[in-house]
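Engineer: Quick one: this structure, given as structure tokens, is what I'll be asking you about.
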Amino acid sequence: MIRAHLTIDPHFTVGPINRRLFGSFVEHLGRCVYDGIYEPGHECADENGFRTDVIELVRELGVSTIRYPGGNFVSGYRWEDGVGPREKRPRRLDLAWHSTETNEIGLDEFATWLEKVGSELMYAVNLGTRGVLEALDVLEYANLRSGTELSDRRVANGHPEPHGIRMWCLGNEMDGPWQLGHSTAQEYAQLASKTARAMRQVDPDLELVVCGSSGAQMPTFGEWERVVLEETYDSVDYISCHAYYEPVGEDYGSFLASAVDMDRFIEAVVATADHVKAVRDSEKTINISFDEWNVWYQVRYNEVDKITDVTEWPVAPRLLEDSYSVLDAVVFGSLLISLIRHADRVTSASLAQLVNVIAPIMTEPGGPAWRQTTFYPFSLTSQLARGVALELKLESPHYDTDRYGEVPVVDAVATHDPERGGTTVFAVNRSLSESVTLEIDSRALGAVTTARASSLHDDDIFAANTLAEPNRVSPTGNDTVEVSEGTVSVTLPPCSWTVLTLD
Ligand code: AHR
């Protein structure tokens, strides 16, 4: 049996856990919106056509903020197509995903849906094919109470109350050659800066996210962040990070260590942002909005990409519908650990995406909705990570990986809620074959009266939840927990994610 050792002291903190860390993302992509959150013909549909079974699952997932409407989609999107009488809304080509967009759902409907799920809207403006004026227009439509052309139009469209959107993304992945309107860092920085300054003239308190790189592997990574922040530093609040992880062949050891890459990515962006801060002698700190993260590899490209006749682009095709295994969920849980470990600088994050498209929730048209394996680490972390993230002393054996060199077998983070006094440890065991006993020095916490653990593990690391077997995998109580004076121990099964609560 391998052993790892963790020392927890609630006096050593990283920073407060911002609820916005547990955000997600809904893009007009595949069946995320249509046949996902919205299916008017479904027996569970409410008066607005939204699936109530999905609403319940989104609530259970515990999602704080939801980024909308894209993603790559937003760079060709005209927001005004999606408001007003439905019968007048145009059908458009979605160049990003080779689909046809019906515009049945737009800003107002999405805001209504968000009220039902209890999440906050984070809205992305199109800086790919549009600019300052269109960003100002959608801001006026969404946030002004009334008395102007566009705010009155919202009222006339049946939404007397403003949507009150606080967080705005200034475009999406503008460094990516696949992006409509892809530009150089200088070009994008100037447009983002002008847009941010104009939006702030309407409302200085908006929270604005400027595009960072669409991945740490991009050739312009680092330099892009520097150039963009030098131009926009005083006008924005966050810089975005995006990362998707995948196994290469059967190198699951490296895949399980994906959070090592996420750690390095975050720390590199923080270093760049702080470099710009130092050069400018600024008092202000730019934080990270990690507004796309996930495991994604099964369906990167799809048959629809090959449909060259634009008159045949389908409405809401099945796209990027990855089915997540236990192995994927363990990697996913470790990415959440990385985000929490950086809670002082990652103050917003969005799991990409929410329903059907690389998602924790799946639906079948006319059929059920179910939880993927990744649902569980997200819902439990969102529910139990409260208060502050703690700095830990973790001693773990290491193993060798092709991609990241020597990495710890166990990774963990802990949060402490000073009000309630509880502490929660989130841990992964990356060994594919061995259990690990995690011994926790809990003396600094005082007397631990109750300790409970739950683990996501299966003897078959490829086990997944599917339409045929929607409840194949779920976390189970881990009864190996032992509490003695000043020490708590728990055994982490091979390739597993565990949450341990200490009262
Ligand atoms: O989440 C899927 C896609 O991944 C998004 O549309 C894009 O921003 C990213 O490349």
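Ordered as shown in the structure tokens, chains take letters A, B, and onward, while each chain numbers its residues from 1 and ligands are numbered from 1 in the order shown.
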Can you tell me, as a list in words, what residues are no more than 7 Å from stretch 357-364 of chain A when counting only C-alpha atoms, ignoring any on the same chain fewer than 4 positions away?

Structural biologist: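 In the requested form, the answer reads Gly30, Arg31, Cys32, Gly36, Trp296, Leu319, Leu320, Glu321, Asp322, Ala352, Gln353, Pro368, Ala369, Trp370, Arg371, Gln372, Thr374 and Phe375 of chain A.
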
Engineer: Which polymer residues have any atom within 12 Å of an atom of A:Asp402, counting only C-alpha atoms, with same-chain residues fewer than 5 positions away left out, as a list in words?

Structural biologist: Pro247, Val248, Gly249, Glu250, Asp251, Tyr252, Gly253, Ser254, Phe255, Leu256, Ala257, Ser258 and Val407 of chain A

Engineer: With N, CA, C and O atoms kept, could you save the residues just selected as a compact mmCIF listing (two decimals), in the first residue's frame?

Structural biologist:
```txt
# COMPACT_ATOMS: atom_id res chain seq x y z
N PRO A 247 -6.33 12.18 -23.66
CA PRO A 247 -5.23 11.21 -23.61
C PRO A 247 -4.60 11.09 -24.99
O PRO A 247 -5.28 11.25 -26.00
N VAL A 248 -3.31 10.84 -25.01
CA VAL A 248 -2.67 10.55 -26.29
C VAL A 248 -2.45 9.04 -26.32
O VAL A 248 -1.73 8.51 -25.48
N GLY A 249 -3.13 8.38 -27.26
CA GLY A 249 -3.06 6.92 -27.32
C GLY A 249 -3.51 6.34 -25.98
O GLY A 249 -4.55 6.73 -25.45
N GLU A 250 -2.69 5.44 -25.46
CA GLU A 250 -3.06 4.83 -24.17
C GLU A 250 -2.19 5.34 -23.04
O GLU A 250 -2.01 4.67 -22.02
N ASP A 251 -1.64 6.53 -23.21
CA ASP A 251 -0.80 7.12 -22.17
C ASP A 251 -1.70 7.76 -21.09
O ASP A 251 -1.81 8.98 -20.98
N TYR A 252 -2.33 6.89 -20.31
CA TYR A 252 -3.26 7.39 -19.30
C TYR A 252 -2.53 8.02 -18.11
O TYR A 252 -3.10 8.84 -17.40
N GLY A 253 -1.29 7.64 -17.91
CA GLY A 253 -0.50 8.24 -16.82
C GLY A 253 -0.36 9.74 -17.04
O GLY A 253 -0.57 10.55 -16.12
N SER A 254 -0.03 10.13 -18.28
CA SER A 254 0.08 11.57 -18.58
C SER A 254 -1.29 12.23 -18.51
O SER A 254 -1.44 13.34 -17.99
N PHE A 255 -2.29 11.54 -19.05
CA PHE A 255 -3.65 12.11 -19.05
C PHE A 255 -4.10 12.42 -17.62
O PHE A 255 -4.63 13.50 -17.34
N LEU A 256 -3.83 11.47 -16.71
CA LEU A 256 -4.24 11.67 -15.32
C LEU A 256 -3.51 12.85 -14.67
O LEU A 256 -3.95 13.39 -13.66
N ALA A 257 -2.38 13.23 -15.27
CA ALA A 257 -1.59 14.34 -14.71
C ALA A 257 -1.93 15.67 -15.41
O ALA A 257 -1.18 16.65 -15.27
N SER A 258 -3.03 15.74 -16.12
CA SER A 258 -3.37 16.96 -16.88
C SER A 258 -3.39 18.22 -16.02
O SER A 258 -3.10 19.32 -16.51
N VAL A 407 5.52 13.28 -11.60
CA VAL A 407 4.36 13.98 -11.02
C VAL A 407 3.89 13.23 -9.77
O VAL A 407 4.09 12.01 -9.68
```

Engineer: Wanna dump the chain A-ligand 1 contacts at 6 Å for me, each residue with its shortest atom pair and the distance in Å to one decimal, counting only C-alpha atoms and all ligand atoms, ordered by chain and number, as JSON lines?

Structural biologist:
```
{"residue": "A:Gly70", "atom": "CA", "partner": "ligand 1", "partner_atom_place_in_ligand_line": "6 (O)", "distance": 5.7}
{"residue": "A:Gly71", "atom": "CA", "partner": "ligand 1", "partner_atom_place_in_ligand_line": "6 (O)", "distance": 3.4}
{"residue": "A:Asn72", "atom": "CA", "partner": "ligand 1", "partner_atom_place_in_ligand_line": "6 (O)", "distance": 4.0}
{"residue": "A:Asn172", "atom": "CA", "partner": "ligand 1", "partner_atom_place_in_ligand_line": "8 (O)", "distance": 6.0}
{"residue": "A:Glu173", "atom": "CA", "partner": "ligand 1", "partner_atom_place_in_ligand_line": "8 (O)", "distance": 5.9}
{"residue": "A:Ala352", "atom": "CA", "partner": "ligand 1", "partner_atom_place_in_ligand_line": "1 (O)", "distance": 5.3}
```

Engineer: Quick one: everything within 8 Å of stretch 486-490 of chain A, counting only C-alpha atoms, minus sequence neighbours fewer than 4 positions away in the same chain. Send it as a compact mmCIF listing (two decimals) with N, CA, C and O atoms, in the first residue's frame.

Structural biologist:
```txt
# COMPACT_ATOMS: atom_id res chain seq x y z
N THR A 437 -3.04 5.17 0.81
CA THR A 437 -3.59 5.66 2.08
C THR A 437 -3.14 7.10 2.27
O THR A 437 -1.94 7.39 2.28
N LEU A 438 -4.12 7.97 2.38
CA LEU A 438 -3.82 9.39 2.59
C LEU A 438 -3.95 9.67 4.09
O LEU A 438 -5.03 9.51 4.67
N GLU A 439 -2.83 10.05 4.70
CA GLU A 439 -2.83 10.34 6.14
C GLU A 439 -2.83 11.85 6.30
O GLU A 439 -1.94 12.54 5.75
N ILE A 440 -3.79 12.34 7.05
CA ILE A 440 -3.93 13.79 7.19
C ILE A 440 -3.60 14.21 8.61
O ILE A 440 -4.22 13.71 9.57
N ASP A 441 -2.63 15.10 8.72
CA ASP A 441 -2.32 15.68 10.02
C ASP A 441 -3.33 16.80 10.25
O ASP A 441 -3.27 17.85 9.61
N SER A 442 -4.29 16.55 11.14
CA SER A 442 -5.41 17.49 11.32
C SER A 442 -5.30 18.24 12.66
O SER A 442 -6.27 18.84 13.10
N ARG A 443 -4.12 18.20 13.29
CA ARG A 443 -4.01 18.79 14.63
C ARG A 443 -4.42 20.26 14.67
O ARG A 443 -5.09 20.71 15.59
N GLY A 446 -8.11 21.26 15.38
CA GLY A 446 -8.77 20.95 16.64
C GLY A 446 -9.38 19.56 16.53
O GLY A 446 -9.06 18.79 15.62
N ALA A 447 -10.32 19.27 17.45
CA ALA A 447 -10.89 17.92 17.48
C ALA A 447 -11.79 17.68 16.27
O ALA A 447 -12.70 18.46 16.00
N VAL A 448 -11.54 16.62 15.53
CA VAL A 448 -12.40 16.25 14.41
C VAL A 448 -13.42 15.26 14.94
O VAL A 448 -13.07 14.18 15.42
N ALA A 451 -15.89 12.46 10.27
CA ALA A 451 -15.20 12.50 8.98
C ALA A 451 -15.92 11.54 8.05
O ALA A 451 -16.16 10.38 8.41
N ALA A 453 -16.31 10.28 3.82
CA ALA A 453 -15.70 10.36 2.48
C ALA A 453 -16.57 9.65 1.46
O ALA A 453 -17.33 8.73 1.78
N ASN A 478 -17.06 6.00 1.10
CA ASN A 478 -15.76 5.37 1.29
C ASN A 478 -15.63 5.08 2.79
O ASN A 478 -15.50 6.01 3.61
N THR A 480 -13.34 3.64 4.51
CA THR A 480 -12.00 3.38 5.06
C THR A 480 -11.52 4.51 5.98
O THR A 480 -10.39 4.48 6.47
N VAL A 481 -12.39 5.51 6.18
CA VAL A 481 -11.96 6.67 6.97
C VAL A 481 -11.72 6.29 8.43
O VAL A 481 -12.55 5.61 9.04
N GLU A 482 -10.59 6.72 8.96
CA GLU A 482 -10.30 6.47 10.38
C GLU A 482 -9.86 7.78 11.03
O GLU A 482 -9.04 8.51 10.46
```

Engineer: Using only C-alpha atoms, which of the listed residues (A:Glu283, A:Asp274, A:Asp411, A:Glu406) sits closest to A:Leu336?

Structural biologist: A:Asp411

Engineer: Got a sec: who's within 8 Å of stretch 130-143 of chain A, counting only C-alpha atoms, leaving out chain neighbours fewer than 3 positions off, as an MDAnalysis selection string?

Structural biologist: chainID A and resid 75 79:80 125:127 150:154 162:165 191 194:195 198:199

Engineer: Using only C-alpha atoms, which residues sit within 8 Å of A:Phe22 once same-chain residues fewer than 4 positions away are excluded, as a ChimeraX atom specification?

Structural biologist: /A:62-65,348-351,378,382

Engineer: Looking only at alpha helix (DSSP H) from DSSP on the backbone, list the matching residues of stretch 34-211 of chain A as a PyMOL selection string.

Structural biologist: chain A and resi 52-61+107-117+132-143+149-156+185-202

Engineer: So the first atom is atom CA of A:Met174 and the second is atom CA of A:Val74; what is the distance between them in Å, to one decimal place?

Structural biologist: 11.1 Å

Engineer: Could you tell me which of A:Ser289, A:Ser474, A:Ser334, A:Gln298 comes closest to A:Thr373 if we count only C-alpha atoms?

Structural biologist: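 Nearest candidate to A:Thr373 out of A:Ser289, A:Ser474, A:Ser334, A:Gln298: A:Ser474.
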
Engineer: What's around A:Glu87 at 12 Å? Count only C-alpha atoms, leave out sequence neighbours fewer than 6 positions away in its own chain, and write the answer as a ChimeraX atom specification.

Structural biologist: /A:81,102-105

Engineer: Selection from above, N, CA, C and O atoms, as an mmCIF file, in the first residue's frame, can you write it?

Structural biologist:
```cif
data_model
loop_
_atom_site.group_PDB
_atom_site.id
_atom_site.type_symbol
_atom_site.label_atom_id
_atom_site.label_comp_id
_atom_site.auth_asym_id
_atom_site.auth_seq_id
_atom_site.Cartn_x
_atom_site.Cartn_y
_atom_site.Cartn_z
ATOM 1 N N ASP A 81 -30.999 39.023 -33.869
ATOM 2 C CA ASP A 81 -31.763 37.946 -34.524
ATOM 3 C C ASP A 81 -32.563 37.143 -33.514
ATOM 4 O O ASP A 81 -33.561 36.507 -33.862
ATOM 5 N N THR A 102 -31.818 28.602 -35.909
ATOM 6 C CA THR A 102 -33.208 29.051 -36.091
ATOM 7 C C THR A 102 -33.521 30.305 -35.281
ATOM 8 O O THR A 102 -34.542 30.944 -35.511
ATOM 9 N N ASN A 103 -32.689 30.616 -34.314
ATOM 10 C CA ASN A 103 -32.899 31.773 -33.434
ATOM 11 C C ASN A 103 -34.162 31.686 -32.582
ATOM 12 O O ASN A 103 -34.639 32.691 -32.068
ATOM 13 N N GLU A 104 -34.670 30.485 -32.406
ATOM 14 C CA GLU A 104 -35.839 30.324 -31.537
ATOM 15 C C GLU A 104 -35.531 30.744 -30.100
ATOM 16 O O GLU A 104 -36.387 31.217 -29.364
ATOM 17 N N ILE A 105 -34.285 30.490 -29.687
ATOM 18 C CA ILE A 105 -33.846 30.918 -28.354
ATOM 19 C C ILE A 105 -32.821 32.042 -28.530
ATOM 20 O O ILE A 105 -31.926 31.955 -29.378
#
```

Engineer: Could you pull out the strand (DSSP E) residues of stretch 63-292 of chain A from DSSP and send them as a ChimeraX atom specification?

Structural biologist: /A:65-68,92-94,99-101,120-125,167-170,207-210,238-245,287-292
